[in-house]
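Enquirer: If it helps, the file is called upload36.cif and holds mmCIF, C-alpha atoms:
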data_final
loop_
_atom_site.group_PDB
_atom_site.id
_atom_site.type_symbol
_atom_site.label_atom_id
_atom_site.label_comp_id
_atom_site.auth_asym_id
_atom_site.auth_seq_id
_atom_site.Cartn_x
_atom_site.Cartn_y
_atom_site.Cartn_z
ATOM 1 C CA MET A 1 124.288 112.276 105.738
ATOM 2 C CA MET A 2 127.358 111.314 107.730
ATOM 3 C CA ASP A 3 129.247 114.191 106.101
ATOM 4 C CA ASN A 4 126.544 116.523 107.397
ATOM 5 C CA GLY A 5 126.841 115.436 111.013
ATOM 6 C CA ALA A 6 124.777 112.258 111.380
ATOM 7 C CA SER A 7 126.287 109.825 113.875
ATOM 8 C CA GLY A 8 124.572 106.747 112.530
ATOM 9 C CA TYR A 9 122.388 105.296 109.842
ATOM 10 C CA ILE A 10 120.129 102.256 109.781
ATOM 11 C CA LEU A 11 117.408 101.155 107.424
ATOM 12 C CA LYS A 12 113.803 101.264 108.517
ATOM 13 C CA ASN A 13 113.567 97.476 108.278
ATOM 14 C CA ALA A 14 116.226 97.117 110.999
ATOM 15 C CA THR A 15 115.523 94.707 113.816
ATOM 16 C CA GLN A 16 114.823 95.889 117.360
ATOM 17 C CA GLN A 17 118.214 94.485 118.365
ATOM 18 C CA GLU A 18 119.998 96.471 115.645
ATOM 19 C CA LEU A 19 118.121 99.635 116.633
ATOM 20 C CA ASN A 20 119.110 99.177 120.288
ATOM 21 C CA GLU A 21 122.740 98.590 119.340
ATOM 22 C CA ALA A 22 122.754 101.680 117.116
ATOM 23 C CA ILE A 23 121.331 103.847 119.907
ATOM 24 C CA HIS A 24 123.926 102.597 122.404
ATOM 25 C CA GLN A 25 126.818 103.088 119.961
ATOM 26 C CA VAL A 26 125.787 106.631 119.069
ATOM 27 C CA ALA A 27 125.037 107.518 122.697
ATOM 28 C CA SER A 28 128.566 106.460 123.627
ATOM 29 C CA GLY A 29 130.029 108.819 121.017
ATOM 30 C CA LYS A 30 130.705 106.245 118.303
ATOM 31 C CA THR A 31 129.256 106.069 114.809
ATOM 32 C CA TYR A 32 126.980 103.301 113.612
ATOM 33 C CA LEU A 33 126.072 102.009 110.166
ATOM 34 C CA GLY A 34 123.502 99.273 109.724
ATOM 35 C CA PHE A 35 124.733 95.995 108.260
ATOM 36 C CA GLU A 36 123.091 96.484 104.845
ATOM 37 C CA VAL A 37 124.301 100.083 104.653
ATOM 38 C CA ALA A 38 127.869 99.117 105.520
ATOM 39 C CA LYS A 39 127.770 96.259 103.001
ATOM 40 C CA THR A 40 126.581 98.607 100.243
ATOM 41 C CA LEU A 41 129.279 101.171 101.060
ATOM 42 C CA GLN A 42 131.961 98.491 101.087
ATOM 43 C CA ALA A 43 130.811 97.195 97.701
ATOM 44 C CA ALA A 44 130.890 100.736 96.320
ATOM 45 C CA GLN A 45 134.449 101.244 97.505
ATOM 46 C CA GLN A 46 135.562 97.935 96.015
ATOM 47 C CA LYS A 47 133.966 98.665 92.637
ATOM 48 C CA GLY A 48 135.391 102.160 92.391
ATOM 49 C CA GLN A 49 133.928 105.563 91.728
ATOM 50 C CA ASN A 50 132.532 104.888 88.220
ATOM 51 C CA GLU A 51 130.430 101.913 89.228
ATOM 52 C CA ILE A 52 126.887 102.334 90.469
ATOM 53 C CA VAL A 53 125.980 100.192 93.450
ATOM 54 C CA LEU A 54 122.355 99.503 94.279
ATOM 55 C CA GLY A 55 121.118 98.136 97.568
ATOM 56 C CA LYS A 56 119.251 94.827 97.835
ATOM 57 C CA ARG A 57 115.817 96.464 97.994
ATOM 58 C CA GLU A 58 116.618 98.858 95.133
ATOM 59 C CA LYS A 59 117.561 95.871 92.970
ATOM 60 C CA GLU A 60 114.362 94.115 93.972
ATOM 61 C CA VAL A 61 112.240 97.140 93.020
ATOM 62 C CA LEU A 62 114.163 97.536 89.762
ATOM 63 C CA ASN A 63 113.497 93.906 88.855
ATOM 64 C CA TYR A 64 109.771 94.350 89.499
ATOM 65 C CA ILE A 65 109.779 97.526 87.375
ATOM 66 C CA LYS A 66 111.617 95.636 84.637
ATOM 67 C CA ASP A 67 108.928 92.949 84.754
ATOM 68 C CA GLY A 68 106.221 95.605 84.252
ATOM 69 C CA PHE A 69 104.704 95.738 87.734
ATOM 70 C CA THR A 70 103.034 98.947 88.926
ATOM 71 C CA ASN A 71 103.957 100.635 92.218
ATOM 72 C CA GLY A 72 100.791 99.213 93.780
ATOM 73 C CA GLU A 73 101.663 95.687 92.706
ATOM 74 C CA ILE A 74 105.269 96.087 93.881
ATOM 75 C CA CYS A 75 104.198 97.306 97.322
ATOM 76 C CA GLN A 76 101.969 94.240 97.720
ATOM 77 C CA LYS A 77 104.706 91.837 96.616
ATOM 78 C CA MET A 78 107.350 93.408 98.876
ATOM 79 C CA GLY A 79 105.108 94.151 101.853
ATOM 80 C CA ILE A 80 106.017 97.852 101.923
ATOM 81 C CA SER A 81 103.972 101.014 101.458
ATOM 82 C CA ILE A 82 103.318 102.491 98.046
ATOM 83 C CA ASN A 83 105.156 105.642 99.216
ATOM 84 C CA THR A 84 108.254 103.545 99.933
ATOM 85 C CA VAL A 85 108.064 101.987 96.460
ATOM 86 C CA ASP A 86 107.745 105.472 94.966
ATOM 87 C CA THR A 87 110.783 106.594 96.965
ATOM 88 C CA TYR A 88 112.800 103.631 95.669
ATOM 89 C CA ARG A 89 111.669 104.386 92.104
ATOM 90 C CA LYS A 90 112.702 108.052 92.406
ATOM 91 C CA SER A 91 116.019 107.034 93.944
ATOM 92 C CA LEU A 92 116.667 104.625 91.076
ATOM 93 C CA LEU A 93 115.863 107.321 88.510
ATOM 94 C CA ALA A 94 118.305 109.710 90.197
ATOM 95 C CA THR A 95 121.026 107.109 90.786
ATOM 96 C CA LEU A 96 120.935 105.856 87.208
ATOM 97 C CA ASN A 97 120.406 109.370 85.833
ATOM 98 C CA ALA A 98 117.263 108.351 83.962
ATOM 99 C CA ARG A 99 114.350 110.632 83.050
ATOM 100 C CA ASN A 100 111.611 108.004 82.971
ATOM 101 C CA THR A 101 110.929 104.304 83.461
ATOM 102 C CA ALA A 102 111.863 103.336 79.907
ATOM 103 C CA GLU A 103 115.227 105.053 80.230
ATOM 104 C CA LEU A 104 115.683 103.533 83.690
ATOM 105 C CA ILE A 105 115.354 100.018 82.266
ATOM 106 C CA LYS A 106 117.605 100.868 79.303
ATOM 107 C CA VAL A 107 120.363 102.213 81.566
ATOM 108 C CA ALA A 108 120.031 99.266 83.931
ATOM 109 C CA VAL A 109 120.334 96.766 81.084
ATOM 110 C CA VAL A 110 123.325 98.564 79.543
ATOM 111 C CA ARG A 111 125.101 98.710 82.919
ATOM 112 C CA GLY A 112 124.241 95.122 83.747
#
Would you mind giving the structure from this file in structure tokens?
Expert:
Amino acid sequence: MMDNGASGYILKNATQQELNEAIHQVASGKTYLGFEVAKTLQAAQQKGQNEIVLGKREKEVLNYIKDGFTNGEICQKMGISINTVDTYRKSLLATLNARNTAELIKVAVVRG
């Protein structure tokens, strides 16, 4: 998104304080990345191009999937909407280049 002109990026679970800071930074012509986003990008750079880096919430969803929970059960456990869980699941499938849940778990286990 930043390559396409975005000036900042925060997660939807950002605090009011983080949102205010992001708005002020971007309004003053600077760029802003939320703490979790910056941490994930830094980890990706440290691990190199061949490594796949998942965010904290993606890992949490993946663990629930691994344990056999449905999207509805995951949304209740995490306190997020079922649409958000579905988005995480689709993102995991794309990131790990898996066609279905079984392959997703297989790839995750193989990659550690």
Enquirer: Find, counting all atoms listed in the file, the residue in A:Thr101, A:Gln25, A:Asn13, A:Asn20 that gets nearest to A:Gly68.
Expert: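 Closest to A:Gly68 of all the choices is A:Thr101.
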Enquirer: From the list A:Gln76, A:Thr15, A:Ile65, A:Ser81, which residue is nearest A:Asn100 when using all atoms listed in the file?
Expert: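 The closest residue to A:Asn100 is A:Ile65.
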Enquirer: Grab the atom CA of A:Ile23 to atom CA of A:Leu11 distance for me, in Å with one decimal place.
Expert: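 Atom CA of A:Leu11 lies at a distance of 13.4 Å from atom CA of A:Ile23.
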Enquirer: Any idea what's packed within 12 Å of A:Glu18, counting all atoms listed in the file, ignoring anything in its chain fewer than 2 positions away? Could you give it as a ChimeraX atom specification?
Expert: /A:8-16,20-25,32-36
Enquirer: Mind giving me the straight-line distance from atom CA of A:Gly55 to atom CA of A:Leu19 in Å, one decimal?
Expert: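 Atom CA of A:Leu19 lies at a distance of 19.4 Å from atom CA of A:Gly55.
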Enquirer: I'd like the interatomic distance between atom CA of A:Arg89 and atom CA of A:Ala102, to a tenth of an Å.
Expert: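 The value is 12.2 Å.
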Enquirer: Between A:Gly5, A:Ile52, A:Val85, A:Lys30, which has the minimum distance to A:Ala108 (counting all atoms listed in the file)?
Expert: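 When distances to A:Ala108 are compared using all atoms listed in the file, the smallest one comes from A:Ile52.
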Enquirer: Between A:Asn4, A:Ser91, A:Arg99, A:Arg111, which is the closest to A:Glu58 once you count all atoms listed in the file?
Expert: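 Using all atoms listed in the file, A:Glu58 sits closest to A:Ser91.
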Enquirer: Closest to A:Lys77 among A:Leu92, A:Val53, A:Ala27, A:Val61, using only C-alpha atoms?
Expert: A:Val61
Enquirer: Counting all atoms listed in the file, which of A:Lys56, A:Lys66, A:Lys90, A:Lys106 gets nearest to A:Val37?
Expert: A:Lys56
Enquirer: For stretch 91-105 of chain A, what centre and edge lengths in Å (one decimal) does the axis-aligned box get once 4 Å is added on each side of all its listed atoms, as AutoDock Vina command-line options?
Expert:
--center_x 116.0 --center_y 105.3 --center_z 86.9 --size_x 18.1 --size_y 18.6 --size_z 22.0
